[in-house]
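The data block below is my_file.cif; it holds mmCIF, C-alpha atoms.
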data_model
#
loop_
_atom_site.label_atom_id
_atom_site.label_comp_id
_atom_site.auth_asym_id
_atom_site.auth_seq_id
_atom_site.Cartn_x
_atom_site.Cartn_y
_atom_site.Cartn_z
CA MET M 168 13.81 32.00 47.75
CA SER M 169 10.76 32.91 49.91
CA THR M 170 8.17 30.44 51.17
CA LEU M 171 5.50 32.38 49.24
CA SER M 172 7.50 31.98 46.02
CA ASN M 173 7.90 28.23 46.64
CA LYS M 174 4.15 27.88 47.22
CA PHE M 175 3.45 29.80 44.01
CA GLN M 176 5.75 27.51 42.00
CA LEU M 177 4.17 24.39 43.51
CA THR M 178 0.70 25.72 42.73
CA CYS M 179 1.72 26.42 39.12
CA LEU M 180 3.24 22.96 38.80
CA ALA M 181 0.11 21.32 40.18
CA SER M 182 -2.06 23.33 37.79
CA LEU M 183 0.15 22.32 34.88
CA LEU M 184 -0.11 18.64 35.83
CA ILE M 185 -3.90 18.89 36.11
CA PHE M 186 -4.11 20.65 32.73
CA SER M 187 -1.88 18.00 31.16
CA SER M 188 -4.07 15.28 32.59
CA TRP M 189 -7.17 16.97 31.14
CA ALA M 190 -5.45 17.28 27.75
CA ILE M 191 -4.47 13.60 27.69
CA HIS M 192 -7.99 12.63 28.77
CA ALA M 193 -9.46 14.80 26.00
CA LEU M 194 -7.25 13.16 23.39
CA CYS M 195 -7.89 9.59 24.54
CA HIS M 196 -11.51 9.91 25.70
CA PRO M 197 -13.83 7.57 23.80
CA LEU M 198 -15.95 9.26 21.17
CA ASN M 199 -19.63 9.91 21.76
CA GLU M 200 -21.63 6.75 20.98
CA GLU M 201 -24.31 8.61 19.04
CA PHE M 202 -21.64 10.30 16.93
CA ILE M 203 -20.02 6.95 16.13
CA GLN M 204 -23.35 5.36 15.22
CA GLN M 205 -24.09 8.23 12.85
CA ARG M 206 -20.64 7.94 11.27
CA HIS M 207 -21.15 4.21 10.82
CA GLU M 208 -24.51 4.66 9.10
CA GLU M 209 -23.03 7.30 6.80
CA TRP M 210 -20.06 5.05 6.08
CA MET M 211 -22.34 2.09 5.27
CA SER M 212 -24.30 4.23 2.84
CA GLN M 213 -21.14 5.61 1.23
CA HIS M 214 -19.64 2.17 0.66
CA GLY M 215 -22.85 0.25 -0.03
CA ARG M 216 -22.25 -2.03 2.94
CA PHE M 217 -25.06 -4.32 4.10
CA TYR M 218 -25.00 -6.96 6.85
CA LYS M 219 -26.89 -10.24 6.94
CA ASP M 220 -28.43 -9.72 10.40
CA ALA M 221 -28.37 -7.56 13.53
CA GLN M 222 -25.64 -9.64 15.16
CA GLU M 223 -23.30 -9.19 12.19
CA LYS M 224 -24.04 -5.46 12.10
CA GLU M 225 -23.23 -5.13 15.79
CA ARG M 226 -19.95 -7.01 15.34
CA ARG M 227 -18.95 -4.85 12.39
CA TYR M 228 -20.01 -1.71 14.25
CA ASN M 229 -17.69 -2.54 17.15
CA ILE M 230 -14.77 -3.07 14.74
CA PHE M 231 -15.63 0.23 13.06
CA LYS M 232 -15.82 1.98 16.43
CA ASN M 233 -12.40 0.74 17.53
CA ASN M 234 -10.85 1.80 14.21
CA LEU M 235 -12.48 5.23 14.31
CA GLU M 236 -11.30 5.90 17.86
CA TYR M 237 -7.77 4.80 16.92
CA ILE M 238 -7.73 7.15 13.92
CA GLU M 239 -9.15 10.12 15.84
CA ASN M 240 -6.65 9.68 18.68
CA PHE M 241 -3.78 9.32 16.20
CA ASN M 242 -4.69 12.45 14.25
CA ASN M 243 -5.18 14.49 17.43
CA GLY M 244 -1.95 13.28 19.00
CA VAL M 245 1.69 14.06 18.27
CA ASP M 246 2.19 15.13 14.64
CA ARG M 247 4.10 12.31 12.94
CA GLY M 248 4.13 13.88 9.49
CA TYR M 249 1.25 11.82 8.10
CA LYS M 250 -2.47 11.38 8.77
CA LEU M 251 -4.99 8.55 8.88
CA ALA M 252 -8.61 8.44 7.72
CA ILE M 253 -11.60 6.14 7.78
CA ASN M 254 -11.88 4.26 4.49
CA LYS M 255 -13.55 1.15 3.03
CA PHE M 256 -11.48 -1.12 5.31
CA ALA M 257 -12.97 0.32 8.51
CA ASP M 258 -15.19 -2.63 9.49
CA LEU M 259 -12.60 -5.35 8.84
CA THR M 260 -10.37 -7.06 11.36
CA ASN M 261 -6.66 -7.02 10.60
CA GLN M 262 -6.78 -10.72 9.70
CA GLU M 263 -9.66 -10.17 7.26
CA PHE M 264 -7.90 -7.19 5.74
CA ARG M 265 -4.69 -9.13 5.16
CA SER M 266 -6.47 -12.05 3.51
CA LEU M 267 -8.56 -9.85 1.20
CA TYR M 268 -6.36 -6.92 0.23
CA THR M 269 -2.76 -8.09 0.30
CA GLY M 270 -1.45 -11.26 -1.38
CA TYR M 271 2.30 -11.12 -1.91
CA LYS M 272 3.94 -14.56 -1.61
CA ARG M 273 7.72 -14.90 -1.43
CA LYS M 274 9.84 -17.39 -3.32
CA THR M 275 10.55 -20.36 -1.11
CA SER M 276 14.21 -20.54 -2.13
CA LYS M 277 16.84 -18.89 -4.30
CA ALA M 278 16.79 -22.02 -6.44
CA GLU M 279 13.49 -20.80 -7.86
CA ALA M 280 15.20 -17.93 -9.68
CA SER M 281 14.65 -18.12 -13.41
CA SER M 282 17.19 -17.77 -16.20
CA LYS M 283 15.12 -14.75 -17.21
CA ASP M 284 16.28 -13.04 -14.00
CA THR M 285 19.17 -11.02 -15.42
CA PRO M 286 22.05 -9.25 -13.60
CA PHE M 287 21.31 -5.84 -12.10
CA THR M 288 21.68 -3.48 -15.04
CA TYR M 289 21.93 -0.17 -13.19
CA VAL M 290 24.77 -1.04 -10.83
CA ASN M 291 27.17 1.56 -12.27
CA LEU M 292 24.62 4.38 -12.42
CA THR M 293 25.93 7.34 -10.43
CA THR M 294 24.08 10.36 -11.84
CA MET M 295 20.40 10.50 -10.90
CA PRO M 296 17.91 13.35 -10.56
CA THR M 297 17.28 14.55 -7.02
CA SER M 298 13.58 13.85 -7.47
CA LEU M 299 11.51 11.95 -10.00
CA ASP M 300 7.83 11.23 -10.65
CA TRP M 301 7.09 8.84 -13.50
CA ARG M 302 3.51 10.17 -13.63
CA GLU M 303 4.89 13.44 -14.93
CA LYS M 304 6.68 11.54 -17.69
CA GLY M 305 3.51 9.78 -18.81
CA ALA M 306 4.58 6.30 -17.70
CA VAL M 307 1.92 5.66 -15.04
CA ASN M 308 -1.74 4.80 -15.58
CA PRO M 309 -4.46 5.94 -13.15
CA VAL M 310 -4.77 3.99 -9.90
CA LYS M 311 -6.75 0.75 -10.16
CA ASP M 312 -8.58 -1.25 -7.50
CA GLN M 313 -7.92 -4.93 -6.83
CA GLY M 314 -11.15 -5.23 -4.84
CA ARG M 315 -11.52 -8.16 -2.44
CA CYS M 316 -9.01 -10.22 -4.35
CA GLY M 317 -5.50 -10.85 -3.04
CA CYS M 318 -3.85 -10.15 -6.38
CA CYS M 319 -1.74 -7.12 -5.52
CA TRP M 320 1.15 -8.99 -7.20
CA ALA M 321 -0.62 -8.77 -10.57
CA PHE M 322 -1.28 -5.02 -10.24
CA SER M 323 2.32 -4.35 -9.21
CA ALA M 324 3.73 -6.37 -12.12
CA VAL M 325 1.33 -4.83 -14.64
CA ALA M 326 2.15 -1.27 -13.52
CA ALA M 327 5.86 -2.00 -13.96
CA VAL M 328 5.28 -3.46 -17.45
CA GLU M 329 3.06 -0.52 -18.40
CA GLY M 330 5.87 1.79 -17.32
CA ILE M 331 8.70 0.17 -19.27
CA THR M 332 6.41 -0.16 -22.33
CA GLN M 333 5.72 3.57 -22.30
CA ILE M 334 9.38 4.41 -21.79
CA THR M 335 10.49 2.27 -24.74
CA THR M 336 7.57 2.84 -27.14
CA GLY M 337 6.03 6.13 -26.10
CA GLN M 338 2.64 4.45 -25.64
CA LEU M 339 0.92 4.19 -22.26
CA ILE M 340 -1.38 1.16 -22.45
CA SER M 341 -3.61 -0.14 -19.67
CA LEU M 342 -2.81 -3.86 -19.48
CA SER M 343 -4.81 -6.77 -18.08
CA GLU M 344 -4.36 -7.94 -14.50
CA GLN M 345 -7.18 -10.43 -14.96
CA GLU M 346 -5.19 -12.32 -17.61
CA LEU M 347 -2.52 -12.92 -14.98
CA VAL M 348 -5.09 -13.89 -12.33
CA ASP M 349 -6.75 -16.42 -14.67
CA CYS M 350 -3.88 -17.74 -16.77
CA ASP M 351 -0.65 -17.53 -14.75
CA THR M 352 -0.73 -20.97 -13.12
CA LYS M 353 2.52 -20.50 -11.20
CA ASP M 354 0.75 -17.81 -9.16
CA GLN M 355 -2.46 -18.35 -7.22
CA GLY M 356 -4.79 -15.63 -8.47
CA CYS M 357 -6.76 -14.00 -5.67
CA LYS M 358 -4.94 -16.22 -3.16
CA GLY M 359 -1.62 -14.51 -3.79
CA GLY M 360 1.40 -14.50 -6.03
CA LEU M 361 4.77 -13.07 -6.95
CA MET M 362 5.69 -10.38 -9.48
CA ASP M 363 8.67 -12.35 -10.84
CA TYR M 364 6.37 -15.24 -11.73
CA ALA M 365 4.05 -12.77 -13.46
CA PHE M 366 6.98 -11.46 -15.50
CA GLU M 367 7.89 -15.05 -16.42
CA PHE M 368 4.33 -15.70 -17.59
CA ILE M 369 4.32 -12.57 -19.76
CA ILE M 370 7.63 -13.61 -21.35
CA ALA M 371 6.48 -17.20 -22.03
CA ASN M 372 3.09 -16.00 -23.26
CA GLY M 373 4.63 -13.62 -25.78
CA GLY M 374 3.12 -10.58 -24.08
CA LEU M 375 0.05 -9.36 -22.23
CA THR M 376 -3.26 -8.13 -23.56
CA THR M 377 -5.10 -4.92 -22.69
CA GLU M 378 -7.45 -4.16 -19.83
CA ALA M 379 -10.14 -3.44 -22.42
CA ASP M 380 -9.76 -6.87 -24.05
CA TYR M 381 -9.57 -8.80 -20.78
CA PRO M 382 -11.29 -6.68 -18.06
CA PHE M 383 -10.66 -7.10 -14.35
CA GLU M 384 -13.33 -9.05 -12.41
CA ALA M 385 -11.79 -9.16 -8.89
CA LYS M 386 -12.21 -12.93 -8.72
CA ASP M 387 -10.54 -16.10 -9.92
CA GLY M 388 -11.70 -17.42 -13.27
CA TYR M 389 -10.74 -19.80 -16.04
CA CYS M 390 -8.19 -18.70 -18.64
CA LYS M 391 -10.06 -17.13 -21.55
CA THR M 392 -7.63 -17.73 -24.40
CA THR M 393 -9.85 -15.98 -26.93
CA LYS M 394 -9.31 -12.71 -25.07
CA MET M 395 -5.52 -13.06 -25.16
CA ALA M 396 -4.97 -12.74 -28.91
CA ASN M 397 -3.87 -9.11 -28.82
CA ARG M 398 -0.39 -9.08 -27.26
CA ALA M 399 -0.31 -5.36 -26.53
CA ALA M 400 2.99 -5.30 -24.62
CA LYS M 401 6.00 -7.60 -24.41
CA ILE M 402 9.07 -7.93 -22.20
CA THR M 403 12.23 -9.96 -22.69
CA GLY M 404 13.23 -10.56 -19.07
CA TYR M 405 13.25 -9.15 -15.56
CA THR M 406 15.82 -8.22 -12.93
CA ASP M 407 15.78 -8.54 -9.16
CA VAL M 408 17.11 -5.43 -7.44
CA PRO M 409 19.94 -6.29 -5.00
CA ALA M 410 18.29 -7.08 -1.69
CA ASN M 411 18.35 -4.76 1.31
CA ASN M 412 19.81 -1.87 -0.64
CA GLU M 413 17.86 1.38 -0.96
CA GLN M 414 20.60 2.88 -3.12
CA ALA M 415 20.19 0.06 -5.65
CA LEU M 416 16.43 0.59 -5.57
CA LEU M 417 17.02 4.30 -6.24
CA GLN M 418 19.17 3.44 -9.25
CA ALA M 419 16.41 1.25 -10.63
CA VAL M 420 13.54 3.68 -9.99
CA ALA M 421 15.55 6.46 -11.63
CA ASN M 422 15.20 4.46 -14.85
CA GLN M 423 11.73 2.91 -14.68
CA PRO M 424 8.81 2.00 -12.37
CA VAL M 425 9.77 -0.93 -10.16
CA SER M 426 7.68 -3.67 -8.49
CA VAL M 427 8.17 -3.56 -4.73
CA SER M 428 7.13 -5.94 -1.96
CA ILE M 429 6.23 -4.48 1.41
CA GLU M 430 4.56 -5.20 4.72
CA GLY M 431 1.30 -3.38 4.17
CA SER M 432 -1.01 -4.63 6.88
CA SER M 433 -0.42 -2.38 9.90
CA GLN M 434 -3.21 -0.15 11.22
CA ASP M 435 -1.37 2.97 10.09
CA PHE M 436 -0.65 1.61 6.61
CA LYS M 437 -4.26 0.45 6.20
CA PHE M 438 -5.71 3.85 7.09
CA TYR M 439 -2.96 6.08 5.65
CA SER M 440 -4.44 9.18 4.02
CA GLY M 441 -1.56 11.57 3.36
CA GLY M 442 1.88 12.88 4.27
CA VAL M 443 5.19 11.04 4.42
CA PHE M 444 4.52 7.71 6.08
CA THR M 445 6.95 6.93 8.90
CA GLY M 446 4.78 4.51 10.84
CA ASN M 447 5.74 1.43 12.77
CA CYS M 448 5.72 -1.67 10.60
CA GLY M 449 7.64 -4.88 10.29
CA THR M 450 9.36 -6.51 7.35
CA ARG M 451 7.15 -9.58 6.87
CA LEU M 452 6.37 -8.97 3.24
CA ASN M 453 2.70 -9.50 2.39
CA HIS M 454 1.76 -6.82 -0.12
CA ALA M 455 2.96 -5.52 -3.48
CA VAL M 456 3.05 -1.97 -4.81
CA THR M 457 4.97 -0.14 -7.53
CA ALA M 458 7.70 2.44 -6.88
CA ILE M 459 7.08 5.24 -9.39
CA GLY M 460 9.39 7.92 -8.07
CA TYR M 461 11.09 9.56 -5.13
CA GLY M 462 11.74 13.00 -3.70
CA ALA M 463 11.88 15.09 -0.53
CA THR M 464 9.56 17.52 1.20
CA SER M 465 10.38 21.20 1.66
CA GLY M 466 11.46 20.25 5.18
CA GLY M 467 13.95 17.71 3.84
CA ALA M 468 12.04 14.49 4.57
CA LYS M 469 13.06 11.95 1.91
CA TYR M 470 10.39 9.66 0.51
CA TRP M 471 9.55 6.99 -2.04
CA LEU M 472 6.49 7.50 -4.19
CA MET M 473 4.44 4.30 -4.37
CA LYS M 474 1.42 3.37 -6.49
CA ASN M 475 -1.01 1.08 -4.68
CA SER M 476 -3.98 -0.95 -5.97
CA TRP M 477 -6.62 -0.13 -3.35
CA GLY M 478 -8.46 2.52 -5.35
CA THR M 479 -8.25 6.30 -5.23
CA ASP M 480 -9.99 6.64 -1.85
CA TRP M 481 -6.92 5.30 -0.05
CA GLY M 482 -3.82 7.41 0.59
CA GLU M 483 -3.06 10.38 -1.63
CA GLY M 484 -5.46 9.51 -4.42
CA GLY M 485 -4.27 5.91 -4.33
CA PHE M 486 -0.58 6.79 -3.97
CA MET M 487 1.72 6.87 -0.95
CA ARG M 488 4.80 8.75 0.08
CA ILE M 489 6.83 6.56 2.42
CA GLN M 490 10.07 7.43 4.21
CA ARG M 491 13.29 6.82 2.26
CA ASP M 492 16.83 6.19 3.51
CA VAL M 493 15.94 4.84 6.92
CA GLY M 494 18.52 3.27 9.22
CA ASP M 495 17.38 -0.26 8.42
CA ARG M 496 18.97 -1.72 5.25
CA ARG M 497 15.68 -3.44 4.47
CA GLY M 498 13.92 -0.09 4.13
CA LEU M 499 10.77 1.01 5.93
CA CYS M 500 8.24 -1.84 6.01
CA GLY M 501 10.81 -4.00 4.20
CA LEU M 502 10.41 -2.14 0.89
CA ALA M 503 14.04 -2.74 -0.14
CA LYS M 504 14.05 -6.48 0.54
CA GLU M 505 12.55 -7.88 -2.66
CA ALA M 506 12.06 -5.51 -5.60
CA SER M 507 12.22 -6.32 -9.31
CA TYR M 508 11.57 -4.79 -12.71
CA PRO M 509 10.84 -6.02 -16.24
CA THR M 510 13.31 -5.51 -19.10
CA ALA M 511 12.21 -4.62 -22.59
#

Translate this structure into structure tokens?
Amino acid sequence: MSTLSNKFQLTCLASLLIFSSWAIHALCHPLNEEFIQQRHEEWMSQHGRFYKDAQEKERRYNIFKNNLEYIENFNNGVDRGYKLAINKFADLTNQEFRSLYTGYKRKTSKAEASSKDTPFTYVNLTTMPTSLDWREKGAVNPVKDQGRCGCCWAFSAVAAVEGITQITTGQLISLSEQELVDCDTKDQGCKGGLMDYAFEFIIANGGLTTEADYPFEAKDGYCKTTKMANRAAKITGYTDVPANNEQALLQAVANQPVSVSIEGSSQDFKFYSGGVFTGNCGTRLNHAVTAIGYGATSGGAKYWLMKNSWGTDWGEGGFMRIQRDVGDRRGLCGLAKEASYPTA
């Protein structure tokens, strides 16, 4: 090979390295300060956010700025199959977000299992549809919003009870999360709880009233017994899905919506806006959602369909598609560790 040819190749390689460096710099370069300030003002107006003084506004602005830059760099980087977006959580620290918008609390021991926790009923199920969406079957109410109240457990349990009620009676009723927040003393209202305890309360209480009769207030309150007279839906028991087993979870979801615990506090989970979520997350369960189906994309990516309780401006209209059949037995973000469903 000639010296001229070698020099040409070296020149091309150097140019490529310089171009790559420019590209990386462009992707990771901080956003224009004026642009960020404008976005923050627009975001404050959109979400009705006000701060007590200039110092608080500056602190929140810096949190917002860091989150916005993270999201922009993520979306402009390698395509991971899902996207992020600024939402109402954008000026919160991760610690604040976890304390306000999650709230799943695990049982401290297996000894806490109730006699109402029945054996897994779908263990012998072998024939299941390749995809399923309980919304299409009329068993899922519109997405609700837990607000700044750590009662995801109540929303997850209620969605599962609404689902089995519709499946068995043909009626889709919006049930009361606030009744659980106020009256279920085994759980801790806005400070967290567990879906199994919610099921136990509904059983002992003889049912649960409607959202209309006992509206959600996004705060802890006293138990208003006069609002509980109309037992609109009842269950007889509940079942814990075998732990760390996505196949067992599939068997359950093929038959009804299922309450699922998950680690839902990572940056990517918090700002998820669409696609099949495959993000990095642990298995320290701190949030509760409801599995309402499953499927696969045209490219073959398998996913679970989850209903969340953060309003319709999060995820895909309040729903999430999250990767299914991962190598970890616990499922992505621990979603197969502790799932349960009510029995009619």

Exercise. To verify the selection step, state as a PyMOL selection string which residues the PyMOL selection byres ((chain M and resi 320) around 12) yields on this input.
Key: chain M and resi 268-273+313+316-319+321-327+344-345+347-348+351+354-366+426-429+452-457+475-476+506-507

Quiz item: the PyMOL selection byres ((chain M and resi 503) around 7) on the file shown: which residues, as a ChimeraX atom specification?
Solution: /M:410-413,416,497-498,501-502,504-506

Self-check item: Residues selected by the PyMOL selection byres ((chain M and resi 389-394) around 9), written as a PyMOL selection string
Solution: chain M and resi 346-351+376+380-381+387-388+395-397

Quiz item: How far is it from atom CA of M:Arg398 to atom CA of M:Thr377, in Å with one decimal?
Solution: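 Interatomic distance, atom CA of M:Arg398 to atom CA of M:Thr377: 7.8 Å.
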
Exercise. Using all atoms listed in the file, pick whichever of M:Pro309, M:Gly442, M:Gly404, M:Gly373 has the shortest atom-to-atom distance to M:Ser341.
Key: M:Pro309

Quiz item: Pick from M:Asp258, M:Glu209, M:Glu329, M:Asp284: nearest to M:Trp301, with all atoms listed in the file counted?
Solution: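 Nearest candidate to M:Trp301 out of M:Asp258, M:Glu209, M:Glu329, M:Asp284: M:Glu329.
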
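Shortest atom-to-atom contact with M:Ile203 among M:Ile253, M:Val420, M:Cys500, M:Ile331: M:Ile253, counting only C-alpha atoms.
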
Exercise. Rank nothing, just name the residue among M:Asp495, M:Glu239, M:Glu201, M:Asp300 nearest to M:Trp471, using all atoms listed in the file.
Key: M:Asp300

Quiz item: Between atom CA of M:Thr403 and atom CA of M:Lys274, what is the distance, to one decimal in Å?
Solution: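 Going from atom CA of M:Thr403 over to atom CA of M:Lys274, I get 20.9 Å.
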
Quiz item: Taking only C-alpha atoms into account, which of M:Ala415, M:Ala463, M:Val408, M:Glu367 comes nearest M:Leu292?
Solution: M:Ala415

Exercise. State, in Å with one decimal place, the distance from atom CA of M:Val493 to atom CA of M:Trp477.
Key: 25.3 Å

Exercise. Between M:Leu259, M:Ala252, M:Ala400, M:Val328, single out the one closest to M:Lys224, counting only C-alpha atoms.
Key: M:Leu259

Each side padded by 5 Å, which centre and which edge lengths in Å (one decimal) define the axis-aligned box around the listed atoms of stretch 294-299 of chain M? Give them as AutoDock Vina command-line options.
--center_x 17.8 --center_y 12.5 --center_z -9.4 --size_x 22.6 --size_y 14.2 --size_z 14.8

Quiz item: Which residues come within 12 Å of stretch 213-221 of chain M, counting only C-alpha atoms, excluding same-chain residues fewer than 2 positions away, as a list of chain:residue names?
Solution: M:Arg206, M:His207, M:Glu208, M:Glu209, M:Trp210, M:Met211, M:Glu223, M:Lys224, M:Glu225, M:Arg226, M:Arg227, M:Tyr228, M:Ile253, M:Asn254, M:Lys255, M:Phe256, M:Ala257, M:Asp258, M:Leu259, M:Asp480

Could stretch 382-401 of chain M be completed with N, CA, C and O atoms and returned as an mmCIF file, in the frame of the given file?
data_model
loop_
_atom_site.group_PDB
_atom_site.id
_atom_site.type_symbol
_atom_site.label_atom_id
_atom_site.label_comp_id
_atom_site.auth_asym_id
_atom_site.auth_seq_id
_atom_site.Cartn_x
_atom_site.Cartn_y
_atom_site.Cartn_z
ATOM 1 N N PRO M 382 -11.013 -7.562 -19.210
ATOM 2 C CA PRO M 382 -11.290 -6.680 -18.060
ATOM 3 C C PRO M 382 -11.135 -7.384 -16.709
ATOM 4 O O PRO M 382 -11.314 -8.598 -16.595
ATOM 5 N N PHE M 383 -10.837 -6.585 -15.701
ATOM 6 C CA PHE M 383 -10.660 -7.100 -14.350
ATOM 7 C C PHE M 383 -12.013 -7.439 -13.723
ATOM 8 O O PHE M 383 -12.981 -6.678 -13.839
ATOM 9 N N GLU M 384 -12.086 -8.582 -13.029
ATOM 10 C CA GLU M 384 -13.330 -9.050 -12.410
ATOM 11 C C GLU M 384 -13.213 -9.213 -10.899
ATOM 12 O O GLU M 384 -14.197 -9.535 -10.238
ATOM 13 N N ALA M 385 -12.022 -9.039 -10.340
ATOM 14 C CA ALA M 385 -11.790 -9.160 -8.890
ATOM 15 C C ALA M 385 -12.171 -10.527 -8.360
ATOM 16 O O ALA M 385 -12.628 -10.671 -7.221
ATOM 17 N N LYS M 386 -11.956 -11.564 -9.169
ATOM 18 C CA LYS M 386 -12.210 -12.930 -8.720
ATOM 19 C C LYS M 386 -11.441 -13.891 -9.627
ATOM 20 O O LYS M 386 -11.070 -13.551 -10.758
ATOM 21 N N ASP M 387 -11.214 -15.083 -9.121
ATOM 22 C CA ASP M 387 -10.540 -16.100 -9.920
ATOM 23 C C ASP M 387 -11.480 -16.621 -11.002
ATOM 24 O O ASP M 387 -12.682 -16.788 -10.772
ATOM 25 N N GLY M 388 -10.909 -16.880 -12.176
ATOM 26 C CA GLY M 388 -11.700 -17.420 -13.270
ATOM 27 C C GLY M 388 -10.868 -18.355 -14.118
ATOM 28 O O GLY M 388 -9.682 -18.546 -13.873
ATOM 29 N N TYR M 389 -11.489 -18.933 -15.137
ATOM 30 C CA TYR M 389 -10.740 -19.800 -16.040
ATOM 31 C C TYR M 389 -10.039 -18.937 -17.088
ATOM 32 O O TYR M 389 -10.455 -17.805 -17.376
ATOM 33 N N CYS M 390 -8.982 -19.455 -17.667
ATOM 34 C CA CYS M 390 -8.190 -18.700 -18.640
ATOM 35 C C CYS M 390 -8.944 -18.598 -19.964
ATOM 36 O O CYS M 390 -9.207 -19.613 -20.620
ATOM 37 N N LYS M 391 -9.279 -17.389 -20.329
ATOM 38 C CA LYS M 391 -10.060 -17.130 -21.550
ATOM 39 C C LYS M 391 -9.103 -16.826 -22.702
ATOM 40 O O LYS M 391 -8.781 -15.674 -22.976
ATOM 41 N N THR M 392 -8.658 -17.873 -23.361
ATOM 42 C CA THR M 392 -7.630 -17.730 -24.400
ATOM 43 C C THR M 392 -8.074 -16.866 -25.560
ATOM 44 O O THR M 392 -7.245 -16.232 -26.217
ATOM 45 N N THR M 393 -9.363 -16.810 -25.813
ATOM 46 C CA THR M 393 -9.850 -15.980 -26.930
ATOM 47 C C THR M 393 -9.639 -14.499 -26.684
ATOM 48 O O THR M 393 -9.600 -13.706 -27.626
ATOM 49 N N LYS M 394 -9.508 -14.122 -25.416
ATOM 50 C CA LYS M 394 -9.310 -12.710 -25.070
ATOM 51 C C LYS M 394 -7.828 -12.319 -25.077
ATOM 52 O O LYS M 394 -7.493 -11.153 -24.890
ATOM 53 N N MET M 395 -6.947 -13.298 -25.282
ATOM 54 C CA MET M 395 -5.520 -13.060 -25.160
ATOM 55 C C MET M 395 -4.816 -12.810 -26.494
ATOM 56 O O MET M 395 -3.598 -12.649 -26.537
ATOM 57 N N ALA M 396 -5.578 -12.785 -27.574
ATOM 58 C CA ALA M 396 -4.970 -12.740 -28.910
ATOM 59 C C ALA M 396 -4.128 -11.486 -29.142
ATOM 60 O O ALA M 396 -3.078 -11.534 -29.788
ATOM 61 N N ASN M 397 -4.573 -10.372 -28.611
ATOM 62 C CA ASN M 397 -3.870 -9.110 -28.820
ATOM 63 C C ASN M 397 -2.763 -8.937 -27.794
ATOM 64 O O ASN M 397 -2.997 -8.524 -26.666
ATOM 65 N N ARG M 398 -1.520 -9.266 -28.168
ATOM 66 C CA ARG M 398 -0.390 -9.080 -27.260
ATOM 67 C C ARG M 398 0.047 -7.612 -27.334
ATOM 68 O O ARG M 398 0.850 -7.228 -28.176
ATOM 69 N N ALA M 399 -0.493 -6.802 -26.441
ATOM 70 C CA ALA M 399 -0.310 -5.360 -26.530
ATOM 71 C C ALA M 399 1.043 -4.887 -26.018
ATOM 72 O O ALA M 399 1.511 -3.803 -26.380
ATOM 73 N N ALA M 400 1.682 -5.684 -25.167
ATOM 74 C CA ALA M 400 2.990 -5.300 -24.620
ATOM 75 C C ALA M 400 3.808 -6.557 -24.363
ATOM 76 O O ALA M 400 3.281 -7.582 -23.930
ATOM 77 N N LYS M 401 5.105 -6.467 -24.609
ATOM 78 C CA LYS M 401 6.000 -7.600 -24.410
ATOM 79 C C LYS M 401 7.211 -7.177 -23.578
ATOM 80 O O LYS M 401 7.590 -6.014 -23.570
#
